[in-house]
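One file, coords.txt, carrying compact mmCIF, C-alpha atoms:
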# COMPACT_ATOMS: atom_id res chain seq x y z
CA MET A 1 100.28 128.23 178.84
CA SER A 2 99.90 131.19 176.52
CA ARG A 3 99.21 130.79 172.81
CA ALA A 4 102.63 132.15 171.90
CA THR A 5 104.39 129.68 174.18
CA LEU A 6 102.30 126.81 172.83
CA PHE A 7 103.07 127.81 169.25
CA THR A 8 106.79 128.10 170.03
CA TRP A 9 106.85 124.65 171.62
CA LEU A 10 105.02 123.04 168.72
CA LEU A 11 107.21 124.76 166.14
CA THR A 12 110.33 123.68 168.02
CA ALA A 13 109.03 120.10 168.07
CA GLY A 14 108.44 120.32 164.33
CA LEU A 15 111.94 121.63 163.72
CA VAL A 16 113.43 118.84 165.83
CA LEU A 17 111.51 116.30 163.74
CA LEU A 18 112.73 117.98 160.56
CA LEU A 19 116.34 118.01 161.70
CA LEU A 20 116.34 114.38 162.84
CA PRO A 21 118.07 112.27 160.18
CA GLN A 22 115.85 110.48 157.68
CA SER A 23 117.39 107.18 158.77
CA VAL A 24 115.91 107.76 162.25
CA THR A 25 112.44 108.96 161.27
CA LYS A 26 111.73 106.70 158.27
CA GLY A 27 110.65 103.95 160.66
CA VAL A 28 107.52 105.95 161.49
CA ASN A 29 106.53 106.07 157.79
CA PHE A 30 107.10 102.33 157.41
CA LEU A 31 105.14 101.63 160.62
CA PHE A 32 102.17 103.59 159.23
CA ALA A 33 102.36 101.73 155.92
CA ARG A 34 102.50 98.32 157.62
CA LEU A 35 99.83 99.09 160.21
CA PHE A 36 97.24 100.42 157.79
CA ASN A 37 98.22 98.37 154.74
CA PRO A 38 94.81 96.63 154.36
CA VAL A 39 92.99 99.98 154.36
CA LEU A 40 95.53 101.73 152.13
CA SER A 41 95.25 98.93 149.56
CA VAL A 42 91.51 99.43 149.11
CA GLY A 43 90.87 100.67 145.59
CA ARG A 44 94.09 99.22 144.16
CA SER A 45 93.75 98.03 140.56
CA THR A 46 93.31 94.34 140.05
CA GLY A 47 94.12 92.18 137.07
CA PRO A 48 92.14 92.48 133.85
CA PRO A 49 89.58 89.79 132.99
CA ILE A 50 91.23 86.69 131.57
CA PHE A 51 91.27 86.69 127.78
CA LYS A 52 91.00 83.30 126.15
CA PRO A 53 92.78 83.19 122.80
CA ALA A 54 90.93 81.84 119.80
CA SER A 55 93.57 79.21 119.12
CA ALA A 56 96.91 77.96 120.39
CA ASP A 57 98.69 80.06 117.74
CA PHE A 58 97.78 83.28 119.50
CA VAL A 59 98.70 84.67 122.88
CA THR A 60 97.37 87.62 124.85
CA ARG A 61 99.05 91.02 124.57
CA ALA A 62 100.31 90.66 128.18
CA GLU A 63 101.83 87.26 127.37
CA TYR A 64 103.35 88.65 124.17
CA ASN A 65 104.91 91.56 126.11
CA ARG A 66 106.26 89.15 128.72
CA LEU A 67 107.85 86.93 126.10
CA GLN A 68 109.24 89.89 124.17
CA ALA A 69 110.82 91.29 127.36
CA ALA A 70 112.29 87.87 128.15
CA TYR A 71 113.75 87.70 124.64
CA ASP A 72 115.22 91.22 124.95
CA ASN A 73 116.77 90.34 128.31
CA LEU A 74 118.34 87.21 126.89
CA ARG A 75 119.71 89.15 123.94
CA ALA A 76 121.19 91.80 126.27
CA ALA A 77 122.71 89.10 128.46
CA LEU A 78 124.16 87.43 125.37
CA ILE A 79 125.75 90.68 124.21
CA THR A 80 127.28 91.19 127.65
CA GLU A 81 128.59 87.65 127.72
CA HIS A 82 130.10 88.13 124.26
CA GLN A 83 131.85 91.30 125.40
CA ARG A 84 133.09 89.55 128.51
CA TYR A 85 134.24 86.56 126.50
CA GLU A 86 136.19 88.78 124.12
CA LYS A 87 137.99 90.36 127.05
CA LEU A 88 138.64 87.16 128.89
CA ALA A 89 139.27 84.90 125.93
CA GLY A 90 141.95 82.41 126.79
CA ILE A 91 141.82 83.18 130.48
CA ARG A 92 140.16 80.61 132.67
CA SER A 93 138.75 82.03 135.87
CA SER A 94 139.69 80.04 138.92
CA LEU A 95 136.27 80.15 140.48
CA PRO A 96 132.83 80.25 138.87
CA LYS A 97 131.19 83.65 139.19
CA PRO A 98 128.13 83.44 141.41
CA GLY A 99 124.93 84.81 139.93
CA PRO A 100 122.98 87.61 141.52
CA LYS A 101 120.91 86.80 144.56
CA LEU A 102 117.22 87.39 143.95
CA VAL A 103 115.08 88.27 146.94
CA LEU A 104 111.42 87.56 146.28
CA ALA A 105 109.03 89.96 147.98
CA ASP A 106 105.29 90.45 148.11
CA VAL A 107 103.93 93.85 147.12
CA MET A 108 102.14 95.19 150.20
CA ASN A 109 100.88 98.35 148.58
CA VAL A 110 101.14 100.42 145.44
CA SER A 111 101.07 104.19 145.90
CA MET A 112 100.20 106.09 142.73
CA GLY A 113 99.01 109.49 143.94
CA GLY A 114 100.44 112.90 143.07
CA LEU A 115 104.19 112.73 142.58
CA ARG A 116 104.55 109.33 144.19
CA ARG A 117 104.84 106.15 142.16
CA GLU A 118 106.09 103.55 144.59
CA LEU A 119 105.67 100.08 146.00
CA ILE A 120 105.93 98.95 149.58
CA ILE A 121 107.36 95.43 149.77
CA ASN A 122 107.60 93.00 152.65
CA LYS A 123 111.38 92.47 152.63
CA GLY A 124 113.99 94.73 154.18
CA THR A 125 117.50 94.97 155.54
CA THR A 126 117.30 91.55 157.22
CA ASP A 127 117.03 90.03 153.72
CA GLY A 128 119.99 92.01 152.40
CA LEU A 129 118.09 94.85 150.77
CA LYS A 130 119.66 98.26 150.51
CA PRO A 131 118.95 101.49 148.63
CA GLY A 132 119.90 101.51 144.97
CA GLN A 133 119.19 97.84 144.26
CA TYR A 134 117.14 97.12 141.15
CA VAL A 135 113.71 95.56 141.40
CA LEU A 136 112.35 93.12 138.82
CA GLY A 137 108.66 92.77 138.12
CA GLY A 138 107.66 90.27 135.48
CA ASN A 139 110.63 90.31 133.11
CA GLY A 140 111.62 93.92 133.42
CA ILE A 141 113.06 96.39 135.88
CA VAL A 142 110.21 98.28 137.56
CA GLY A 143 112.20 100.46 139.94
CA THR A 144 114.90 100.72 142.55
CA VAL A 145 114.90 100.33 146.32
CA SER A 146 114.77 103.84 147.76
CA GLU A 147 114.46 103.20 151.49
CA THR A 148 114.74 100.17 153.70
CA ALA A 149 113.55 99.23 157.16
CA GLN A 150 114.12 95.94 158.96
CA ALA A 151 111.29 94.02 157.26
CA THR A 152 109.93 96.52 154.76
CA ALA A 153 111.27 98.51 151.85
CA ARG A 154 110.08 101.27 149.60
CA VAL A 155 110.56 100.80 145.86
CA ARG A 156 110.68 103.94 143.75
CA LEU A 157 109.18 103.09 140.38
CA ILE A 158 110.93 104.20 137.20
CA THR A 159 107.99 106.53 136.52
CA ASP A 160 108.19 108.24 139.93
CA ALA A 161 108.94 111.96 139.61
CA GLY A 162 112.12 111.48 141.65
CA SER A 163 113.45 108.49 139.72
CA LYS A 164 116.66 108.89 137.73
CA ILE A 165 118.39 105.79 136.40
CA LYS A 166 121.11 105.11 133.85
CA VAL A 167 119.72 103.37 130.80
CA ALA A 168 121.00 102.05 127.50
CA ILE A 169 119.58 101.61 124.00
CA TRP A 170 121.14 99.01 121.71
CA GLN A 171 122.23 100.35 118.32
CA ALA A 172 122.22 97.33 116.05
CA ASP A 173 124.01 99.12 113.19
CA LYS A 174 126.90 100.32 115.36
CA LYS A 175 126.77 97.24 117.59
CA LYS A 176 127.01 99.27 120.75
CA TYR A 177 124.81 100.80 123.43
CA ILE A 178 123.91 104.47 123.71
CA TYR A 179 123.91 105.40 127.38
CA ALA A 180 121.57 108.01 128.78
CA ARG A 181 119.63 109.04 131.86
CA MET A 182 115.95 108.21 132.26
CA ASP A 183 113.83 110.47 134.46
CA GLY A 184 110.42 109.55 135.81
CA GLU A 185 107.67 111.99 134.89
CA GLY A 186 105.30 111.40 137.79
CA THR A 187 102.88 109.93 135.24
CA ASP A 188 102.84 106.45 133.68
CA LEU A 189 105.77 107.43 131.46
CA ALA A 190 109.42 108.45 131.69
CA LYS A 191 111.65 110.75 129.65
CA MET A 192 115.18 110.41 128.33
CA PRO A 193 116.76 113.88 128.08
CA PHE A 194 119.98 115.01 126.41
CA ILE A 195 120.19 112.47 123.56
CA SER A 196 121.68 113.88 120.40
CA ARG A 197 119.73 113.58 117.15
CA GLU A 198 122.78 112.04 115.51
CA TYR A 199 121.63 108.72 116.97
CA LYS A 200 119.01 106.70 115.15
CA ILE A 201 116.28 106.08 117.67
CA ARG A 202 112.92 104.70 116.67
CA ARG A 203 109.58 104.19 118.32
CA GLY A 204 109.45 100.66 119.76
CA ASP A 205 113.20 100.44 120.52
CA THR A 206 113.95 98.58 123.73
CA VAL A 207 115.34 100.56 126.67
CA TYR A 208 117.55 98.68 129.14
CA ALA A 209 118.65 99.54 132.65
CA ALA A 210 122.40 99.92 132.17
CA ALA A 211 124.73 97.48 133.88
CA LYS A 212 126.05 98.97 137.12
CA ALA A 213 128.89 97.50 139.14
CA GLY A 214 127.58 95.92 142.30
CA PHE A 215 123.95 96.30 141.34
CA LEU A 216 123.32 94.93 137.85
CA GLU A 217 125.64 92.64 135.92
CA SER A 218 123.99 92.88 132.50
CA PRO A 219 121.37 95.22 131.05
CA ILE A 220 117.74 94.33 131.73
CA VAL A 221 114.68 95.73 129.97
CA VAL A 222 112.91 98.68 131.59
CA GLY A 223 110.66 99.80 128.78
CA ARG A 224 110.14 100.72 125.18
CA ILE A 225 110.32 104.00 123.34
CA ALA A 226 106.76 105.24 123.00
CA GLN A 227 107.49 108.51 121.24
CA VAL A 228 110.49 110.16 119.57
CA LYS A 229 110.39 113.73 118.29
CA PRO A 230 112.80 116.64 118.02
CA ASP A 231 113.06 118.62 121.24
CA GLU A 232 111.18 121.90 120.81
CA LYS A 233 113.59 123.82 123.05
CA GLU A 234 116.81 122.13 121.91
CA PRO A 235 116.50 121.23 118.20
CA LEU A 236 119.74 119.22 118.25
CA LEU A 237 118.34 116.81 120.84
CA TRP A 238 115.61 114.18 120.83
CA ASP A 239 112.55 114.40 123.05
CA ILE A 240 112.10 110.73 123.95
CA THR A 241 109.22 109.25 125.94
CA VAL A 242 109.57 105.77 127.40
CA GLU A 243 106.74 103.44 128.34
CA PRO A 244 107.54 100.91 131.09
CA VAL A 245 107.49 97.28 130.06
CA GLN A 246 105.44 96.26 133.08
CA ASN A 247 102.14 97.49 134.46
CA VAL A 248 103.11 97.71 138.12
CA GLU A 249 99.61 98.21 139.45
CA LEU A 250 98.91 94.55 138.74
CA LEU A 251 102.06 93.21 140.33
CA GLU A 252 101.68 91.05 143.40
CA ARG A 253 105.28 89.86 143.67
CA VAL A 254 108.65 91.34 142.73
CA ALA A 255 112.29 90.23 142.92
CA VAL A 256 115.05 92.46 144.23
CA ILE A 257 118.46 91.94 142.62
CA ALA A 258 120.65 91.83 145.70
CA THR A 259 124.05 91.45 144.05
CA GLU A 260 126.92 92.05 146.42
CA PRO A 261 129.48 94.58 145.15
CA MET X 1 87.32 120.71 170.34
CA ARG X 2 86.62 117.08 171.13
CA TRP X 3 90.05 115.63 170.52
CA VAL X 4 89.14 111.93 170.35
CA ARG X 5 86.57 112.64 167.65
CA PHE X 6 89.03 114.91 165.89
CA SER X 7 91.56 112.04 165.94
CA ILE X 8 89.05 109.67 164.31
CA LEU X 9 88.24 112.20 161.58
CA LEU X 10 91.95 112.89 161.06
CA LEU X 11 92.72 109.17 160.76
CA VAL X 12 89.99 108.73 158.14
CA CYS X 13 91.25 111.73 156.13
CA THR X 14 94.89 110.56 156.39
CA LEU X 15 94.05 107.04 155.22
CA LEU X 16 92.01 108.38 152.31
CA ASN X 17 94.83 110.76 151.36
CA ALA X 18 97.52 108.08 151.52
CA GLY X 19 95.53 105.19 150.07
CA ASN X 20 94.38 104.30 146.59
CA LEU X 21 90.66 104.93 147.01
CA LEU X 22 90.85 108.54 145.82
CA ASN X 23 92.52 107.38 142.59
CA SER X 24 89.02 106.66 141.31
CA ILE X 25 88.45 110.43 141.13
CA SER X 26 92.00 111.39 140.16
CA LEU X 27 92.54 113.60 137.12
CA SER X 28 95.13 113.59 134.33
CA SER X 29 98.09 111.28 133.93
CA PHE X 30 99.61 112.86 137.06
CA ASN X 31 96.89 111.22 139.20
CA ILE X 32 95.99 114.59 140.70
CA ARG X 33 93.65 114.16 143.67
CA PRO X 34 92.05 116.50 146.20
CA ASP X 35 94.00 116.90 149.43
CA LEU X 36 91.58 116.16 152.28
CA LEU X 37 94.08 117.13 154.97
CA LEU X 38 94.46 120.55 153.37
CA VAL X 39 90.69 121.14 153.42
CA LEU X 40 90.54 119.94 157.04
CA LEU X 41 93.39 122.29 157.96
CA VAL X 42 91.72 125.34 156.46
CA PHE X 43 88.29 124.45 157.90
CA LEU X 44 89.59 123.98 161.44
CA SER X 45 91.90 127.01 161.30
CA ILE X 46 88.97 129.17 160.30
CA ASN X 47 86.35 127.73 162.63
CA CYS X 48 88.19 126.64 165.78
CA GLU X 49 89.17 128.68 168.76
CA THR X 50 92.74 129.94 168.15
CA THR X 51 94.57 127.68 170.61
CA ASP X 52 92.75 124.59 169.33
CA ALA X 53 93.43 125.64 165.74
CA VAL X 54 97.18 125.94 166.37
CA ILE X 55 97.35 122.49 167.99
CA ALA X 56 95.15 120.93 165.28
CA SER X 57 97.29 122.46 162.50
CA PHE X 58 100.50 120.89 163.81
CA ILE X 59 98.77 117.52 164.34
CA ILE X 60 97.32 117.53 160.80
CA GLY X 61 100.78 118.35 159.46
CA PHE X 62 102.26 115.48 161.44
CA ALA X 63 99.60 113.16 160.00
CA ALA X 64 100.53 114.33 156.50
CA ASP X 65 104.17 113.55 157.29
CA ILE X 66 103.69 110.03 158.63
CA SER X 67 101.60 109.09 155.61
CA GLY X 68 104.31 110.50 153.32
CA THR X 69 108.03 109.85 153.09
CA ALA X 70 109.66 112.24 155.56
CA ILE X 71 108.81 113.45 159.05
CA GLY X 72 108.88 117.19 159.74
CA PRO X 73 108.26 119.13 156.49
CA TYR X 74 104.47 119.22 156.62
CA THR X 75 104.34 119.44 160.43
CA ILE X 76 106.10 122.78 160.05
CA SER X 77 104.35 124.04 156.91
CA PHE X 78 100.81 123.06 158.02
CA GLY X 79 101.52 124.21 161.58
CA LEU X 80 102.84 127.60 160.51
CA ILE X 81 100.21 128.38 157.90
CA GLY X 82 97.34 126.98 159.99
CA SER X 83 98.42 129.15 162.90
CA VAL X 84 98.55 132.23 160.66
CA ILE X 85 95.04 131.50 159.32
CA SER X 86 93.74 131.00 162.85
CA GLN X 87 94.97 134.49 163.72
CA MET X 88 93.05 135.92 160.76
CA HIS X 89 89.77 134.08 161.22
CA LYS X 90 88.15 136.92 163.11
CA VAL X 91 88.65 139.31 160.21
CA VAL X 92 88.30 136.93 157.26
CA ILE X 93 84.78 135.75 156.51
CA MET X 94 84.42 132.34 154.87
CA LYS X 95 80.72 132.25 154.29
CA ARG X 96 80.77 132.04 150.50
CA MET X 97 81.95 128.98 148.68
CA VAL X 98 84.23 131.03 146.47
CA HIS X 99 86.02 132.42 149.52
CA GLN X 100 86.45 128.92 150.93
CA ALA X 101 87.82 127.71 147.61
CA ALA X 102 90.22 130.66 147.39
CA ALA X 103 91.45 130.08 150.95
CA ILE X 104 92.04 126.38 150.24
CA PHE X 105 93.86 127.16 146.99
CA VAL X 106 96.16 129.82 148.46
CA THR X 107 96.87 127.77 151.59
CA GLY X 108 97.56 124.71 149.44
CA ILE X 109 100.05 126.54 147.23
CA ILE X 110 101.97 127.97 150.22
CA THR X 111 102.00 124.75 152.27
CA GLY X 112 102.78 122.69 149.15
CA VAL X 113 105.77 124.77 148.08
CA LEU X 114 107.08 125.11 151.65
CA GLY X 115 106.52 121.38 152.29
CA ARG X 116 108.38 120.37 149.10
CA PHE X 117 111.24 122.74 149.93
CA LEU X 118 111.58 121.32 153.45
CA THR X 119 111.35 117.76 152.10
CA PHE X 120 114.24 118.58 149.75
CA PHE X 121 116.12 120.07 152.72
CA LYS X 122 115.63 116.87 154.72
CA THR X 123 116.01 114.13 152.11
CA GLY X 124 117.79 115.88 149.24
CA GLU X 125 115.27 114.38 146.83
CA THR X 126 114.22 116.30 143.76
CA ALA X 127 111.32 115.45 141.50
CA SER X 128 110.09 116.35 138.05
CA ASN X 129 106.86 118.31 137.58
CA VAL X 130 106.55 119.14 141.30
CA TYR X 131 104.90 122.47 140.73
CA VAL X 132 102.45 121.11 138.15
CA VAL X 133 101.27 118.52 140.66
CA VAL X 134 101.15 120.98 143.58
CA PHE X 135 99.18 123.49 141.49
CA GLY X 136 96.84 120.81 140.13
CA SER X 137 96.23 119.31 143.54
CA CYS X 138 95.48 122.73 145.06
CA LEU X 139 93.12 123.60 142.23
CA TYR X 140 91.28 120.29 142.56
CA SER X 141 91.12 120.68 146.36
CA ALA X 142 89.77 124.19 145.94
CA LEU X 143 87.08 122.97 143.53
CA VAL X 144 85.82 120.13 145.71
CA GLY X 145 86.78 121.84 148.99
CA PRO X 146 83.51 123.71 149.53
CA VAL X 147 81.58 120.45 149.24
CA ILE X 148 83.81 118.80 151.86
CA TRP X 149 83.56 122.03 153.87
CA GLY X 150 79.79 121.59 153.89
CA GLY X 151 80.21 118.06 155.22
CA LEU X 152 82.62 119.25 157.90
CA SER X 153 80.21 122.03 158.87
CA ALA X 154 77.49 119.42 159.29
CA ILE X 155 79.60 117.47 161.79
CA SER X 156 81.15 120.52 163.46
CA GLY X 157 78.86 120.07 166.48
CA TRP X 158 80.00 116.45 166.83
CA LEU X 159 83.61 117.66 166.59
CA GLY X 160 83.03 120.29 169.26
CA VAL X 161 83.78 123.11 166.84
CA ARG X 162 81.60 126.14 167.26
CA LYS X 163 80.40 127.42 163.90
CA GLN X 164 81.69 130.83 162.95
CA ARG X 165 79.15 133.56 163.27
CA TYR X 166 78.90 136.19 160.59
CA GLY X 167 77.68 139.74 160.71
CA ARG X 168 77.70 142.41 163.37
CA LEU X 169 77.40 139.95 166.27
CA ALA X 170 80.46 137.97 165.25
CA GLY X 171 83.23 138.08 167.80
CA ARG X 172 81.02 139.15 170.71
Since I need it in another form, could you write the structure as structure tokens?
Amino acid sequence: MSRATLFTWLLTAGLVLLLLPQSVTKGVNFLFARLFNPVLSVGRSTGPPIFKPASADFVTRAEYNRLQAAYDNLRAALITEHQRYEKLAGIRSSLPKPGPKLVLADVMNVSMGGLRRELIINKGTTDGLKPGQYVLGGNGIVGTVSETAQATARVRLITDAGSKIKVAIWQADKKKYIYARMDGEGTDLAKMPFISREYKIRRGDTVYAAAKAGFLESPIVVGRIAQVKPDEKEPLLWDITVEPVQNVELLERVAVIATEP
Amino acid sequence: MRWVRFSILLLVCTLLNAGNLLNSISLSSFNIRPDLLLVLLVFLSINCETTDAVIASFIIGFAADISGTAIGPYTISFGLIGSVISQMHKVVIMKRMVHQAAAIFVTGIITGVLGRFLTFFKTGETASNVYVVVFGSCLYSALVGPVIWGGLSAISGWLGVRKQRYGRLAGR
């Protein structure tokens, strides 16, 4: 076989692989991740040394963050319930509304190289997972399911360069949410573009994943505003940086919110 | 080329590229790391016999694909660019480290951009800061590439790759 023929054959094979639908070829990627998971996990960050507080009146920063996120989630759920109550006041629903189904999954691997910020988890389509579902880690949303196989799924973290989710910030003075898009930066942070400077946004404000029909019933914390400054290119807009509420590198277990639409 | 040994080396490089071990030497908040498969591609394309280089380029690209998120983009980009380099290896001399670094950098930029474009074509996924990460990764690979190149040269006999000869006798 001549070199030209060989090259043509190999290029044709490559083109066939490229043109095959992602739903067909993704199994190969998942097979690789499952097969070599122990080796790929080498070098993954482990938990920090345990800090013993001086007295029972103090908690660690991690515990404080966990409790704060739990409080924020409860507050968001309360606001949603209030809004729902106002709409449905006087109307008694015939059947109780079932809560979202949570699918617990072990984190097989965390990939944090280059543009990728993702988790591989050990639950898939057989457990009801599908792309777009939100993933809880600790008390906050850490990402969304991006791809599923039979017994494995890929979770795109909110900081992944390809992540784009709808988020909300509670405005206490106006008693309403500001809705915006949050884009992953490919670093440990995310950005919220296109927010007008007419809104009062402060460092430390809580950012929630916005409720989404069929996926999320009430807002859940995703992070906190780490930096707010006027956008250098668009002076009428804010340049907002968001820090995730959860350090995903230390996660060993997550829960996928598998609400049926 | 001894293909079984090449497969072992390729597996090691793929696992290092896809795993977390290289994060210990990653730079900046983008976790920019050297691309071992890129260095392997350029080394083999330059030093192997042309037919072997073409086959190896496509296989390295396929390895990059299976350790990534989509099958096809890097098989094509690595295969195409590796094949082009293998056609040039008789006229391009890679004796100096700076030449090796430049070859790795240029190859990385072309394969990176083409690979990202084809990934977008296949999956429709876009990402922020793609070109910053591609540029950073190529630069880092180019900086550490000559060191890895030295290591690959040391095991080239084991791999069945004949070292390139330089000077007037080259090509005879």
What does the structure give for the distance between CA of Cys48 (chain X) and CA of Leu118 (chain X), in Å to one decimal?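 Spanning CA of Cys48 (chain X) to CA of Leu118 (chain X) is a straight-line distance of 27.0 Å.
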Chain X residues near chain A within 9 Å, closest pair each, using all atoms listed in the file, as CSV:
residue,atom,partner,partner_atom,distance
X:Leu15,CA,A:Leu40,CA,6.3
X:Leu16,CA,A:Leu40,CA,7.5
X:Asn17,CA,A:Gly113,CA,8.6
X:Ala18,CA,A:Leu40,CA,6.7
X:Gly19,CA,A:Leu40,CA,4.0
X:Asn20,CA,A:Gly43,CA,5.1
X:Leu21,CA,A:Gly43,CA,4.5
X:Leu22,CA,A:Gly43,CA,7.9
X:Asn23,CA,A:Gly113,CA,7.0
X:Ser24,CA,A:Gly43,CA,7.6
X:Ser26,CA,A:Gly113,CA,8.2
X:Ser28,CA,A:Thr187,CA,8.6
X:Ser29,CA,A:Thr187,CA,5.1
X:Phe30,CA,A:Thr187,CA,4.8
X:Asn31,CA,A:Gly113,CA,5.5
X:Ile32,CA,A:Gly114,CA,5.3
X:Arg33,CA,A:Gly114,CA,6.9
X:Thr50,CA,A:Arg3,CA,8.0
X:Thr51,CA,A:Arg3,CA,6.0
X:Val54,CA,A:Phe7,CA,6.8
X:Ile55,CA,A:Leu10,CA,7.7
X:Phe58,CA,A:Leu10,CA,7.0
X:Phe62,CA,A:Gly14,CA,8.4
X:Asp65,CA,A:Asn29,CA,7.9
X:Ile66,CA,A:Asn29,CA,4.9
X:Ser67,CA,A:Asn29,CA,6.2
X:Gly68,CA,A:Asn29,CA,6.7
X:Thr69,CA,A:Asn29,CA,6.2
X:Ala70,CA,A:Lys26,CA,6.5
X:Ile71,CA,A:Leu17,CA,6.1
X:Gly72,CA,A:Leu18,CA,4.0
X:Pro73,CA,A:Leu18,CA,6.2
X:Tyr74,CA,A:Gly14,CA,8.7
X:Thr75,CA,A:Gly14,CA,5.7
X:Ile76,CA,A:Gly14,CA,5.5
X:Gly79,CA,A:Leu11,CA,7.3
X:Leu80,CA,A:Leu11,CA,7.7
X:Ser83,CA,A:Phe7,CA,8.0
X:Leu118,CA,A:Leu18,CA,7.9
X:Thr119,CA,A:Leu18,CA,8.6
X:Phe121,CA,A:Leu18,CA,8.8
X:Lys122,CA,A:Leu18,CA,6.6
X:Thr123,CA,A:Gln22,CA,6.7
X:Glu125,CA,A:Gly162,CA,6.7
X:Thr126,CA,A:Gly162,CA,5.7
X:Ala127,CA,A:Gly162,CA,4.1
X:Ser128,CA,A:Ala161,CA,4.8
X:Asn129,CA,A:Glu185,CA,6.9
X:Val130,CA,A:Leu115,CA,6.9
X:Val133,CA,A:Gly114,CA,6.2
X:Val134,CA,A:Gly114,CA,8.1
X:Ser137,CA,A:Gly114,CA,7.7
Determine, counting only C-alpha atoms, which protein, DNA and RNA residues have an atom within 9 Å of an atom of Pro244 (chain A); residues of the same chain fewer than 6 positions away are not included. Present the result as a ChimeraX atom specification. /A:140-142,158-159,188-190,207,221-225
Could you jot down the CA of Gly108 (chain X) to CA of Arg2 (chain X) separation for me, Å, one decimal place?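 So the answer is 25.5 Å.
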Applying 7 Å and all atoms listed in the file, which residues near region 119-135 of chain A remain after dropping the ones on its own chain fewer than 4 positions away? List them as a PyMOL selection string. chain A and resi 105-111+141-156+215+254-258
re CA of Gly145 (chain X) and CA of His99 (chain X): distance 10.6 Å
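Considering all atoms listed in the file, the residue among X:Ser57, X:Ser7, X:Ser77, X:Ser141 positioned nearest to Leu27 (chain X) is X:Ser141.
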Non-local contacts of His89 (chain X) (8 Å; only C-alpha atoms; under 4 positions in same chain excluded) as a ChimeraX atom specification: /X:45-47,85,93
Those same residues - C-alpha atoms - I'd like them written as a compact mmCIF listing (two decimals), in the frame of the given file.
# COMPACT_ATOMS: atom_id res chain seq x y z
CA SER X 45 91.90 127.01 161.30
CA ILE X 46 88.97 129.17 160.30
CA ASN X 47 86.35 127.73 162.63
CA ILE X 85 95.04 131.50 159.32
CA ILE X 93 84.78 135.75 156.51
